[in-house]
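Asker: Following this line is start04.cif, made up of mmCIF, C-alpha atoms:
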```
data_my_file
#
loop_
_atom_site.label_atom_id
_atom_site.label_comp_id
_atom_site.auth_asym_id
_atom_site.auth_seq_id
_atom_site.Cartn_x
_atom_site.Cartn_y
_atom_site.Cartn_z
CA SER A 245 126.16 103.87 -10.44
CA GLN A 246 129.63 105.36 -10.47
CA GLN A 247 131.96 104.76 -7.59
CA GLY A 248 133.17 107.70 -5.54
CA GLU A 249 136.80 108.58 -5.06
CA GLU A 250 138.52 108.87 -1.72
CA ASP A 251 141.81 110.45 -0.85
CA PRO A 252 144.29 109.83 0.36
CA GLN A 253 144.40 106.14 -0.57
CA ALA A 254 146.57 105.55 2.47
CA LEU A 255 147.34 107.62 5.55
CA SER A 256 149.90 106.94 8.24
CA ILE A 257 149.88 108.95 11.47
CA GLN A 258 150.94 108.76 15.11
CA GLU A 259 148.57 108.18 18.01
CA GLY A 260 147.04 111.43 19.22
CA GLU A 261 147.14 113.08 15.80
CA ASN A 262 144.06 113.88 13.76
CA ALA A 263 143.21 112.01 10.57
CA THR A 264 141.26 113.56 7.70
CA MET A 265 139.86 111.60 4.78
CA ASN A 266 138.06 113.05 1.81
CA CYS A 267 135.37 111.61 -0.43
CA SER A 268 134.08 112.88 -3.75
CA TYR A 269 131.06 111.53 -5.54
CA LYS A 270 129.41 112.05 -8.89
CA THR A 271 125.62 112.18 -8.57
CA SER A 272 122.97 113.83 -6.43
CA ILE A 273 122.50 111.98 -3.18
CA ASN A 274 119.95 111.38 -0.43
CA ASN A 275 122.62 110.80 2.16
CA LEU A 276 126.27 109.92 2.60
CA GLN A 277 127.60 107.41 5.09
CA TRP A 278 131.00 106.46 6.43
CA TYR A 279 132.03 102.92 7.30
CA ARG A 280 135.05 101.29 8.88
CA GLN A 281 136.44 97.91 7.91
CA ASN A 282 139.07 96.11 9.93
CA SER A 283 141.39 93.75 8.04
CA GLY A 284 138.96 92.71 5.29
CA ARG A 285 136.21 91.83 7.72
CA GLY A 286 132.63 93.10 7.99
CA LEU A 287 131.87 96.79 7.84
CA VAL A 288 130.85 98.94 10.78
CA HIS A 289 128.56 101.90 10.24
CA LEU A 290 130.08 105.09 11.65
CA ILE A 291 127.85 107.98 10.72
CA LEU A 292 125.17 109.10 8.27
CA ILE A 293 124.78 112.67 7.06
CA ARG A 294 121.73 113.70 5.08
CA SER A 295 121.94 115.82 1.96
CA ASN A 296 120.47 118.84 3.75
CA GLU A 297 123.03 118.68 6.56
CA ARG A 298 126.46 120.28 6.45
CA GLU A 299 128.18 118.88 9.49
CA LYS A 300 127.66 116.08 11.96
CA HIS A 301 129.54 114.86 15.03
CA SER A 302 129.72 111.52 16.77
CA GLY A 303 132.27 111.16 19.55
CA ARG A 304 135.70 111.71 18.00
CA LEU A 305 134.25 111.76 14.49
CA ARG A 306 133.32 114.86 12.55
CA VAL A 307 131.80 114.63 9.10
CA THR A 308 131.19 117.49 6.70
CA LEU A 309 129.21 117.48 3.50
CA ASP A 310 129.39 119.98 0.65
CA THR A 311 126.75 119.06 -1.90
CA SER A 312 127.77 121.90 -4.23
CA LYS A 313 131.22 120.32 -4.54
CA LYS A 314 129.90 116.77 -4.21
CA SER A 315 132.39 116.07 -1.47
CA SER A 316 132.57 114.98 2.15
CA SER A 317 135.28 114.69 4.73
CA LEU A 318 135.73 112.51 7.79
CA LEU A 319 137.87 113.80 10.63
CA ILE A 320 139.00 111.48 13.40
CA THR A 321 140.41 113.45 16.31
CA ALA A 322 142.96 112.21 18.82
CA SER A 323 143.49 108.98 16.89
CA ARG A 324 144.26 105.68 18.58
CA ALA A 325 146.00 102.55 17.36
CA ALA A 326 142.57 100.86 17.40
CA ASP A 327 141.45 103.28 14.67
CA THR A 328 143.71 101.46 12.23
CA ALA A 329 141.34 100.25 9.51
CA SER A 330 140.04 101.03 6.04
CA TYR A 331 137.43 103.76 5.85
CA PHE A 332 134.83 103.95 3.12
CA CYS A 333 132.32 106.58 2.20
CA ALA A 334 129.09 105.38 0.64
CA THR A 335 126.32 107.31 -1.02
CA ASP A 336 122.66 106.52 -1.30
CA ASP A 337 121.77 107.90 -4.72
CA THR A 338 118.30 106.50 -5.10
CA GLY A 339 116.78 106.68 -1.64
CA PHE A 340 116.29 102.93 -1.71
CA GLN A 341 119.29 102.35 0.56
CA LYS A 342 121.39 100.81 -2.19
CA LEU A 343 124.86 102.10 -1.43
CA VAL A 344 127.62 103.13 -3.82
CA PHE A 345 130.95 102.86 -2.05
CA GLY A 346 134.03 104.97 -2.50
CA THR A 347 137.47 103.56 -3.14
CA GLY A 348 138.48 103.70 0.52
CA THR A 349 141.29 105.11 2.65
CA ARG A 350 143.65 102.80 4.55
CA LEU A 351 144.51 104.43 7.87
CA LEU A 352 147.46 103.27 9.96
CA VAL A 353 147.82 104.72 13.43
CA SER A 354 151.14 103.93 15.07
CA PRO A 355 151.56 103.87 18.85
CA SER B 813 120.43 96.96 15.63
CA ALA B 814 120.80 93.68 13.78
CA VAL B 815 123.17 90.79 14.21
CA ILE B 816 124.05 88.99 11.00
CA SER B 817 125.80 85.68 10.55
CA GLN B 818 127.12 84.22 7.33
CA LYS B 819 128.08 80.68 6.41
CA PRO B 820 130.64 79.65 5.41
CA SER B 821 133.10 82.24 6.68
CA ARG B 822 135.56 81.18 4.00
CA ASP B 823 135.97 78.53 1.35
CA ILE B 824 138.35 77.43 -1.34
CA CYS B 825 136.60 76.09 -4.41
CA GLN B 826 137.58 74.70 -7.77
CA ARG B 827 136.67 76.51 -10.95
CA GLY B 828 133.44 75.35 -12.55
CA THR B 829 131.77 74.52 -9.23
CA SER B 830 129.13 76.48 -7.33
CA LEU B 831 128.98 77.73 -3.75
CA THR B 832 125.93 78.80 -1.77
CA ILE B 833 126.42 81.41 0.94
CA GLN B 834 123.88 81.75 3.72
CA CYS B 835 122.94 84.94 5.53
CA GLN B 836 120.93 84.80 8.76
CA VAL B 837 119.63 87.86 10.64
CA ASP B 838 118.47 87.86 14.25
CA SER B 839 115.37 89.95 13.48
CA GLN B 840 112.93 90.44 10.64
CA VAL B 841 114.14 92.98 8.12
CA THR B 842 112.62 94.30 4.95
CA MET B 843 115.71 95.30 3.01
CA MET B 844 118.53 92.83 2.47
CA PHE B 845 121.42 93.23 0.05
CA TRP B 846 124.38 91.27 -1.27
CA TYR B 847 127.71 92.97 -1.96
CA ARG B 848 130.99 91.81 -3.42
CA GLN B 849 134.42 93.06 -2.43
CA GLN B 850 137.17 91.99 -4.78
CA PRO B 851 140.72 91.77 -3.37
CA GLY B 852 141.99 95.19 -2.33
CA GLN B 853 138.90 96.87 -3.72
CA SER B 854 135.80 98.56 -2.45
CA LEU B 855 132.31 97.06 -2.21
CA THR B 856 129.98 96.68 -5.16
CA LEU B 857 126.28 95.95 -4.82
CA ILE B 858 125.26 92.70 -6.52
CA ALA B 859 121.53 92.66 -5.85
CA THR B 860 118.64 93.38 -3.54
CA ALA B 861 117.15 90.21 -2.09
CA ASN B 862 113.37 90.57 -2.15
CA GLN B 863 111.20 88.42 0.05
CA GLY B 864 108.62 86.55 -2.00
CA SER B 865 109.85 87.70 -5.39
CA GLU B 866 112.90 87.63 -7.62
CA ALA B 867 115.99 89.53 -6.59
CA THR B 868 116.76 92.84 -8.25
CA TYR B 869 120.19 92.78 -9.85
CA GLU B 870 122.55 95.68 -10.47
CA SER B 871 124.19 96.34 -13.79
CA GLY B 872 126.83 93.73 -14.55
CA PHE B 873 125.28 91.01 -12.40
CA VAL B 874 122.84 88.38 -13.66
CA ILE B 875 120.59 85.81 -12.04
CA ASP B 876 122.18 82.84 -13.82
CA LYS B 877 125.55 83.64 -12.28
CA PHE B 878 124.34 84.82 -8.85
CA PRO B 879 120.97 83.23 -8.03
CA ILE B 880 119.51 84.56 -4.80
CA SER B 881 116.79 83.19 -2.56
CA ARG B 882 114.89 85.04 0.17
CA PRO B 883 112.36 82.63 1.66
CA ASN B 884 111.55 84.81 4.69
CA LEU B 885 112.43 88.09 6.40
CA THR B 886 115.43 86.71 8.30
CA PHE B 887 117.27 84.56 5.78
CA SER B 888 118.79 84.73 2.32
CA THR B 889 121.22 82.76 0.19
CA LEU B 890 123.53 83.82 -2.61
CA THR B 891 124.93 81.21 -4.97
CA VAL B 892 128.06 81.87 -6.99
CA SER B 893 127.67 79.60 -10.00
CA ASN B 894 130.20 78.10 -12.39
CA MET B 895 133.00 79.82 -10.55
CA SER B 896 136.19 81.18 -12.07
CA PRO B 897 139.23 82.70 -10.35
CA GLU B 898 137.74 86.17 -11.06
CA ASP B 899 134.99 85.33 -8.57
CA SER B 900 137.51 85.24 -5.73
CA SER B 901 136.15 87.93 -3.41
CA ILE B 902 134.56 88.62 -0.08
CA TYR B 903 130.78 88.37 -0.30
CA LEU B 904 128.80 90.32 2.28
CA CYS B 905 125.13 90.52 3.04
CA SER B 906 123.66 93.57 4.64
CA VAL B 907 120.35 94.62 6.13
CA VAL B 908 118.79 97.97 6.87
CA SER B 909 117.44 99.14 10.20
CA SER B 910 115.47 102.37 10.14
CA SER B 911 115.11 104.96 12.85
CA GLY B 912 113.00 107.89 11.80
CA LEU B 913 114.57 109.61 8.81
CA ASP B 914 117.92 107.93 9.32
CA TYR B 915 118.89 104.34 8.89
CA GLU B 916 121.86 102.10 9.38
CA GLN B 917 123.05 99.29 7.21
CA TYR B 918 124.46 96.38 9.12
CA PHE B 919 126.90 94.09 7.38
CA GLY B 920 127.60 90.46 7.97
CA PRO B 921 131.17 89.32 8.64
CA GLY B 922 131.56 88.26 5.02
CA THR B 923 132.40 85.05 3.22
CA ARG B 924 135.92 84.95 1.81
CA LEU B 925 135.87 82.88 -1.38
CA THR B 926 138.97 81.72 -3.20
CA VAL B 927 138.56 80.00 -6.55
CA THR B 928 141.48 77.94 -7.83
#
```
Re-express the file's structure as structure tokens.
Answerer:
Amino acid sequence: SQQGEEDPQALSIQEGENATMNCSYKTSINNLQWYRQNSGRGLVHLILIRSNEREKHSGRLRVTLDTSKKSSSLLITASRAADTASYFCATDDTGFQKLVFGTGTRLLVSP
Amino acid sequence: SAVISQKPSRDICQRGTSLTIQCQVDSQVTMMFWYRQQPGQSLTLIATANQGSEATYESGFVIDKFPISRPNLTFSTLTVSNMSPEDSSIYLCSVVSSSGLDYEQYFGPGTRLTVT
């Protein structure tokens, strides 16, 4: 499997601002997921969007998926210092729940 | 949901030795995976741990280097054999919990391995 690309690699914003991260992938997918990782620790599942969905919301998170462009975006609205983490997209190419992770975006939210 | 624990949480090992990492889940799960995260990098899938049969390895990973056991539906081990400094990484196990058409993968806290 080929790893997806995320941009930006790093993003620095102030509390209250919105943060947008983009993910591009290379193959057809069953679904795309976003994860958060704090300081090299375990990952936390944020949201899953299926290949036949275009947009999904969860609290302050909004995810879009464009399968024609093989891309997705994660929007975090009204960011907080606690949102500081690395964010990864991951695609399930095979349907067997084996994930291919993107390169990640490091988000820093300053108070 | 699933709660996953891993042992050890971190270790420093000498090259040429082996380390076995344990992954314990608080409920029975069908799918269990092992991932590696090299320093500053993203996660790469090592293998699927199959209960009652050999693990299924991804391209670039072999059983001799990363033997895996899965004796039951709540436990698995990953051994990193004949270690070299290039094996310094965080190793994470994950399990899948399904809910209808969607599912979530839950990740353990990881084992941070440093090989000197």
Asker: I'd like the interatomic distance between atom CA of Asn296 of chain A and atom CA of Tyr918 of chain B, to a tenth of an Å.
Answerer: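 Atom CA of Tyr918 of chain B lies at a distance of 23.4 Å from atom CA of Asn296 of chain A.
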Asker: Given the file shown, enumerate the residues that the PyMOL selection byres ((chain B) within 8 of (chain A)) captures and present them as a PyMOL selection string.
Answerer: chain B and resi 845+853-857+904+908+914-922
Asker: Please write as a ChimeraX atom specification the full residue list that the PyMOL selection byres ((chain B and resi 926) around 9) yields on this file.
Answerer: /B:822-826,897,899-902,924-925,927-928
Asker: Write the residues you've just listed into a file as a PDB file, keeping the file's coordinate frame, and include C-alpha atoms for each of them.
Answerer:
```pdb
ATOM      1  CA  ARG B 822     135.560  81.180   4.000  1.00  0.00           C
ATOM      2  CA  ASP B 823     135.970  78.530   1.350  1.00  0.00           C
ATOM      3  CA  ILE B 824     138.350  77.430  -1.340  1.00  0.00           C
ATOM      4  CA  CYS B 825     136.600  76.090  -4.410  1.00  0.00           C
ATOM      5  CA  GLN B 826     137.580  74.700  -7.770  1.00  0.00           C
ATOM      6  CA  PRO B 897     139.230  82.700 -10.350  1.00  0.00           C
ATOM      7  CA  ASP B 899     134.990  85.330  -8.570  1.00  0.00           C
ATOM      8  CA  SER B 900     137.510  85.240  -5.730  1.00  0.00           C
ATOM      9  CA  SER B 901     136.150  87.930  -3.410  1.00  0.00           C
ATOM     10  CA  ILE B 902     134.560  88.620  -0.080  1.00  0.00           C
ATOM     11  CA  ARG B 924     135.920  84.950   1.810  1.00  0.00           C
ATOM     12  CA  LEU B 925     135.870  82.880  -1.380  1.00  0.00           C
ATOM     13  CA  VAL B 927     138.560  80.000  -6.550  1.00  0.00           C
ATOM     14  CA  THR B 928     141.480  77.940  -7.830  1.00  0.00           C
TER      15      THR B 928
END
```
Asker: Can you give me, as a ChimeraX atom specification, the residues this file yields under the PyMOL selection byres ((chain B and resi 836) around 6)?
Answerer: /B:816-817,835,837,886-887
Asker: Between atom CA of Val907 of chain B and atom CA of Ser888 of chain B, what is the spacing in Å?
Answerer: 10.7 Å
Asker: So which residues touch Thr311 of chain A within 9 Å, counting all atoms listed in the file, skipping near sequence neighbours fewer than 5 positions away, as a list in words?
Answerer: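 In the requested form, the answer reads Ser272, Ile273, Ser295, Asn296, Arg298 and Ser316 of chain A.
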Asker: Using all atoms listed in the file, which residue out of B:Ser821, B:Ala867, B:Glu898, B:Lys877 lies closest to Met844 of chain B?
Answerer: B:Ala867
Asker: Work out where the centre of an axis-aligned box around every listed atom of segment 889-904 of chain B lies and how long its edges are once 6 Å is added on each side; give both in Å to one decimal as lines of an AutoDock Vina configuration file.
Answerer:
```
center_x = 130.2
center_y = 84.2
center_z = -5.1
size_x = 30.0
size_y = 24.2
size_z = 26.7
```
Asker: Write out as a CSV table (one decimal) with C-alpha atoms, keeping the file's coordinate frame which residues come within 10 Å of Ala326 of chain A when counting only C-alpha atoms, dropping same-chain ones fewer than 2 positions away.
Answerer:
```
chain,number,residue,atom,x,y,z
A,259,GLU,CA,148.6,108.2,18.0
A,282,ASN,CA,139.1,96.1,9.9
A,323,SER,CA,143.5,109.0,16.9
A,324,ARG,CA,144.3,105.7,18.6
A,328,THR,CA,143.7,101.5,12.2
A,329,ALA,CA,141.3,100.2,9.5
A,352,LEU,CA,147.5,103.3,10.0
A,353,VAL,CA,147.8,104.7,13.4
A,354,SER,CA,151.1,103.9,15.1
A,355,PRO,CA,151.6,103.9,18.8
```
Asker: Show me, as a PDB file with C-alpha atoms, in the coordinates of the input, the residues that have an atom within 9 Å of Leu305 of chain A when counting all atoms listed in the file, minus same-chain residues fewer than 2 positions from it.
Answerer:
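File selection.pdb, as written:
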```pdb
ATOM      1  CA  LEU A 290     130.080 105.090  11.650  1.00  0.00           C
ATOM      2  CA  ILE A 291     127.850 107.980  10.720  1.00  0.00           C
ATOM      3  CA  LYS A 300     127.660 116.080  11.960  1.00  0.00           C
ATOM      4  CA  HIS A 301     129.540 114.860  15.030  1.00  0.00           C
ATOM      5  CA  SER A 302     129.720 111.520  16.770  1.00  0.00           C
ATOM      6  CA  GLY A 303     132.270 111.160  19.550  1.00  0.00           C
ATOM      7  CA  VAL A 307     131.800 114.630   9.100  1.00  0.00           C
ATOM      8  CA  LEU A 318     135.730 112.510   7.790  1.00  0.00           C
ATOM      9  CA  LEU A 319     137.870 113.800  10.630  1.00  0.00           C
ATOM     10  CA  ILE A 320     139.000 111.480  13.400  1.00  0.00           C
ATOM     11  CA  THR A 321     140.410 113.450  16.310  1.00  0.00           C
TER      12      THR A 321
END
```
Asker: In Å, rounded to a single decimal, give me how far atom CA of Lys819 of chain B is from atom CA of Gly872 of chain B.
Answerer: 24.7 Å
Asker: Could you tell me which of A:Asp327, A:Thr271, A:Asp337, A:Glu299 comes closest to Leu255 of chain A if we count all atoms listed in the file?
Answerer: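 So, comparing all the options, the nearest one is A:Asp327.
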Asker: Skip Asp876 of chain B itself and residues of its chain fewer than 6 positions away, then list as an MDAnalysis selection string all residues within 12 Å of it, counting all atoms listed in the file.
Answerer: chainID B and resid 830 867 869 890:895
Asker: Set the distance at 6 Å and use all atoms listed in the file: which residues neighbour Ser268 of chain A once local chain neighbours fewer than 4 positions away are removed? I'd like the list as a VMD selection string.
Answerer: chain A and resid 248 to 249 314 to 315
Asker: How would the residues just picked look written out with C-alpha atoms as a short mmCIF file (atom, residue, chain, number, x, y, z; two decimals), keeping the file's coordinate frame?
Answerer:
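Dumped everything to selection-v3.cif:
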```cif
data_model
loop_
_atom_site.label_atom_id
_atom_site.label_comp_id
_atom_site.auth_asym_id
_atom_site.auth_seq_id
_atom_site.Cartn_x
_atom_site.Cartn_y
_atom_site.Cartn_z
CA GLY A 248 133.17 107.70 -5.54
CA GLU A 249 136.80 108.58 -5.06
CA LYS A 314 129.90 116.77 -4.21
CA SER A 315 132.39 116.07 -1.47
#
```
